[in-house]
Amino acid sequence: MSSEAEVTVFLESVLNYFSTTVQQAAVCGTPFLAIDRIPELSDFTGMIKISGKYEGIVAFTAPKSMLCVMLMRMQETDMCQENLCDLVGEIANTFSGNARRDFGHQFNISVPTVSIGRKNTLELPEGARPIVIPIGWRNYSSSLVVYLQ
Amino acid sequence: MQVTAVVHRLMVVDDSNVIRRRIERAQDLEVEFVGAARNGREALEMHAALRPTLVTMDLTMPEMDGAECVAKLIERDPDLRILVVSALADKLTAIEALEKGARGFLCKPFTDRQLNEALQKLINT
């Protein structure tokens, strides 16, 4: 599958997630390759390890304020850190799991791991060129980082 | 003659607290929510005490995944109605879950309406 086709798979998943779960459309910016720089992370990052036919990671990173509003839209009243971690991990899980529709049954996904804080970095192989998909929702900015080999 | 309606007892199995609470809140059928488990192992432990008649089951979970749990629950209670609720969107995953004894498959993300329709279908099976 070409990089363009891979990106399209995730773009569709992102748009479907926001319109379905929080009933407000997200806008995806132009995807870009993070060359010679590590993708910047936001307050909360959910990461899924991919194994099998592909190897790599899928990570969703978002500010706390955005996750709080998303929880509210889902009728959740408890904005505790545990639920924010839970949500960011669940979003990464959903984007990855949905991708199996196109990548196939051998696209194995791990349970999510979550990191808190903008100073964290994604563990990527040296020289890796992950694709970053900017995601705008309401007035918040988040992003999806995809690195597949 | 007195006619009593069958009250279904729902157990939710998902490693996400947000999803567990969302399913509990969103379901608006004549269903009694009896409990929630965070993985397959917990679901097996809670099954005997909670005696659910309906189960929503995630697949990707730590300790024991949903596919293994579906098979073990059906072994204990062949009449148990299990709806798999998972982000794994490929057809083979859905087929495998059904082969293990699940009666329905709902792909994440889902709307409240889609959840209720899937649960209603499960009740009607």
# chains A, B, ... in the order shown; residues from 1 in each chain; ligands from 1
$ closest_atom_pairs --of "chain A" --to "chain B" --cutoff "9 Å" --atoms "only C-alpha atoms" --output "JSON lines"
{"residue": "A:Asn16", "atom": "CA", "partner": "B:Pro109", "partner_atom": "CA", "distance": 7.8}
{"residue": "A:Tyr17", "atom": "CA", "partner": "B:Pro109", "partner_atom": "CA", "distance": 5.8}
{"residue": "A:Phe18", "atom": "CA", "partner": "B:Pro109", "partner_atom": "CA", "distance": 8.8}
{"residue": "A:Thr20", "atom": "CA", "partner": "B:Thr111", "partner_atom": "CA", "distance": 5.8}
{"residue": "A:Thr21", "atom": "CA", "partner": "B:Pro109", "partner_atom": "CA", "distance": 6.2}
{"residue": "A:Val22", "atom": "CA", "partner": "B:Thr111", "partner_atom": "CA", "distance": 8.9}
{"residue": "A:Gln23", "atom": "CA", "partner": "B:Thr111", "partner_atom": "CA", "distance": 8.8}
{"residue": "A:Leu71", "atom": "CA", "partner": "B:Val18", "partner_atom": "CA", "distance": 8.2}
{"residue": "A:Met74", "atom": "CA", "partner": "B:Arg22", "partner_atom": "CA", "distance": 7.3}
{"residue": "A:Gln75", "atom": "CA", "partner": "B:Arg22", "partner_atom": "CA", "distance": 7.7}
{"residue": "A:Glu76", "atom": "CA", "partner": "B:Arg22", "partner_atom": "CA", "distance": 7.5}
{"residue": "A:Glu82", "atom": "CA", "partner": "B:Asn17", "partner_atom": "CA", "distance": 8.6}
{"residue": "A:Asn83", "atom": "CA", "partner": "B:Val18", "partner_atom": "CA", "distance": 6.4}
{"residue": "A:Leu84", "atom": "CA", "partner": "B:Val18", "partner_atom": "CA", "distance": 8.9}
{"residue": "A:Asp86", "atom": "CA", "partner": "B:Ser16", "partner_atom": "CA", "distance": 5.9}
{"residue": "A:Leu87", "atom": "CA", "partner": "B:Val18", "partner_atom": "CA", "distance": 6.5}
{"residue": "A:Gly89", "atom": "CA", "partner": "B:Ser16", "partner_atom": "CA", "distance": 8.5}
{"residue": "A:Glu90", "atom": "CA", "partner": "B:Ser16", "partner_atom": "CA", "distance": 6.8}
{"residue": "A:Asn93", "atom": "CA", "partner": "B:Ala87", "partner_atom": "CA", "distance": 7.1}
{"residue": "A:Thr94", "atom": "CA", "partner": "B:Ala87", "partner_atom": "CA", "distance": 5.0}
{"residue": "A:Phe95", "atom": "CA", "partner": "B:Ala87", "partner_atom": "CA", "distance": 7.7}
{"residue": "A:Ser96", "atom": "CA", "partner": "B:Ala87", "partner_atom": "CA", "distance": 7.8}
{"residue": "A:Gly97", "atom": "CA", "partner": "B:Leu88", "partner_atom": "CA", "distance": 4.2}
{"residue": "A:Asn98", "atom": "CA", "partner": "B:Ala89", "partner_atom": "CA", "distance": 4.9}
{"residue": "A:Ala99", "atom": "CA", "partner": "B:Ala89", "partner_atom": "CA", "distance": 7.1}
{"residue": "A:Arg100", "atom": "CA", "partner": "B:Asp90", "partner_atom": "CA", "distance": 5.3}
{"residue": "A:Arg101", "atom": "CA", "partner": "B:Asp90", "partner_atom": "CA", "distance": 4.2}
{"residue": "A:Asp102", "atom": "CA", "partner": "B:Asp90", "partner_atom": "CA", "distance": 7.5}
{"residue": "A:Phe103", "atom": "CA", "partner": "B:Asp90", "partner_atom": "CA", "distance": 8.5}
{"residue": "A:Gly104", "atom": "CA", "partner": "B:Asp90", "partner_atom": "CA", "distance": 6.4}
{"residue": "A:His105", "atom": "CA", "partner": "B:Asp90", "partner_atom": "CA", "distance": 6.4}
{"residue": "A:Ile109", "atom": "CA", "partner": "B:Thr60", "partner_atom": "CA", "distance": 8.0}
{"residue": "A:Ser110", "atom": "CA", "partner": "B:Thr60", "partner_atom": "CA", "distance": 7.5}
{"residue": "A:Val111", "atom": "CA", "partner": "B:Met61", "partner_atom": "CA", "distance": 6.3}
$ residues_around --residues "Val13 (chain B)" --least-positions-apart "2" --cutoff "8 Å" --atoms "only C-alpha atoms" --output "VMD selection string"
chain B and resid 11 15 20 36 to 40 43 55 to 58
$ select_by_dssp --residues "region 38-145 of chain A" --states "alpha helix (DSSP H)" --output "PyMOL selection string"
chain A and resi 64-73+81-103
$ select_by_dssp --residues "region 3-122 of chain B" --states "strand (DSSP E or B)" --output "PyMOL selection string"
chain B and resi 8-13+31-37+54-57+81-86+104-107
$ decode --residues "region 1-91 of chain B" --atoms "C-alpha atoms" --output "short mmCIF file (atom, residue, chain, number, x, y, z; two decimals), in the first residue's frame"
data_model
loop_
_atom_site.label_atom_id
_atom_site.label_comp_id
_atom_site.auth_asym_id
_atom_site.auth_seq_id
_atom_site.Cartn_x
_atom_site.Cartn_y
_atom_site.Cartn_z
CA MET B 1 -52.96 -14.98 34.21
CA GLN B 2 -50.04 -12.85 35.19
CA VAL B 3 -47.51 -12.14 32.47
CA THR B 4 -44.03 -11.10 33.55
CA ALA B 5 -41.60 -9.55 31.11
CA VAL B 6 -38.14 -11.04 30.85
CA VAL B 7 -35.66 -8.57 32.26
CA HIS B 8 -32.30 -8.87 30.60
CA ARG B 9 -29.20 -8.43 32.71
CA LEU B 10 -26.33 -6.60 31.01
CA MET B 11 -22.63 -6.93 31.79
CA VAL B 12 -20.16 -4.66 29.96
CA VAL B 13 -16.61 -5.87 29.31
CA ASP B 14 -14.13 -3.26 28.08
CA ASP B 15 -10.71 -2.05 29.24
CA SER B 16 -11.82 1.56 28.72
CA ASN B 17 -13.68 3.12 31.64
CA VAL B 18 -15.03 5.80 29.29
CA ILE B 19 -16.56 3.16 27.02
CA ARG B 20 -17.92 1.10 29.92
CA ARG B 21 -19.69 4.14 31.35
CA ARG B 22 -20.88 5.24 27.92
CA ILE B 23 -22.53 1.90 27.19
CA GLU B 24 -24.13 1.90 30.63
CA ARG B 25 -25.55 5.41 30.07
CA ALA B 26 -26.49 5.05 26.42
CA GLN B 27 -28.52 1.88 26.55
CA ASP B 28 -32.18 2.86 26.90
CA LEU B 29 -33.80 -0.54 26.60
CA GLU B 30 -35.58 -2.58 29.26
CA VAL B 31 -32.26 -3.88 30.44
CA GLU B 32 -30.81 -4.04 33.93
CA PHE B 33 -27.13 -3.07 34.07
CA VAL B 34 -25.54 -5.54 36.49
CA GLY B 35 -21.83 -4.77 36.26
CA ALA B 36 -18.69 -4.10 34.28
CA ALA B 37 -15.39 -5.89 33.85
CA ARG B 38 -12.07 -4.48 32.64
CA ASN B 39 -10.82 -7.57 30.82
CA GLY B 40 -11.73 -11.15 30.00
CA ARG B 41 -10.34 -12.59 33.21
CA GLU B 42 -12.43 -10.22 35.34
CA ALA B 43 -15.49 -11.00 33.23
CA LEU B 44 -15.11 -14.73 33.92
CA GLU B 45 -14.70 -14.06 37.64
CA MET B 46 -17.78 -11.82 37.76
CA HIS B 47 -19.99 -13.97 35.54
CA ALA B 48 -21.12 -16.44 38.20
CA ALA B 49 -22.11 -13.73 40.67
CA LEU B 50 -23.73 -11.33 38.20
CA ARG B 51 -25.54 -13.92 36.05
CA PRO B 52 -25.84 -11.66 33.00
CA THR B 53 -28.05 -12.61 30.06
CA LEU B 54 -26.46 -10.03 27.75
CA VAL B 55 -22.79 -9.09 27.43
CA THR B 56 -21.01 -6.41 25.41
CA MET B 57 -17.44 -7.53 24.81
CA ASP B 58 -14.38 -5.60 23.65
CA LEU B 59 -11.70 -7.66 21.90
CA THR B 60 -8.34 -5.96 22.50
CA MET B 61 -7.87 -6.10 26.27
CA PRO B 62 -4.99 -6.91 28.62
CA GLU B 63 -4.75 -10.18 30.62
CA MET B 64 -7.41 -12.02 28.61
CA ASP B 65 -8.71 -10.77 25.28
CA GLY B 66 -12.33 -10.76 24.22
CA ALA B 67 -12.16 -13.65 21.76
CA GLU B 68 -10.90 -16.07 24.42
CA CYS B 69 -13.43 -14.75 26.92
CA VAL B 70 -16.34 -15.19 24.48
CA ALA B 71 -15.40 -18.84 23.97
CA LYS B 72 -15.13 -19.49 27.72
CA LEU B 73 -18.38 -17.73 28.58
CA ILE B 74 -20.29 -19.62 25.88
CA GLU B 75 -18.81 -22.89 27.19
CA ARG B 76 -20.33 -22.04 30.61
CA ASP B 77 -23.59 -20.62 29.31
CA PRO B 78 -24.50 -21.43 25.70
CA ASP B 79 -27.60 -19.20 25.94
CA LEU B 80 -25.59 -16.09 26.82
CA ARG B 81 -26.07 -13.36 24.22
CA ILE B 82 -22.79 -11.62 23.48
CA LEU B 83 -22.37 -8.48 21.39
CA VAL B 84 -18.77 -7.82 20.42
CA VAL B 85 -18.04 -4.07 20.48
CA SER B 86 -14.62 -3.51 18.97
CA ALA B 87 -12.59 -1.13 16.82
CA LEU B 88 -11.17 -4.09 14.89
CA ALA B 89 -13.00 -3.47 11.65
CA ASP B 90 -11.90 -6.30 9.37
CA LYS B 91 -14.43 -8.94 8.38
#
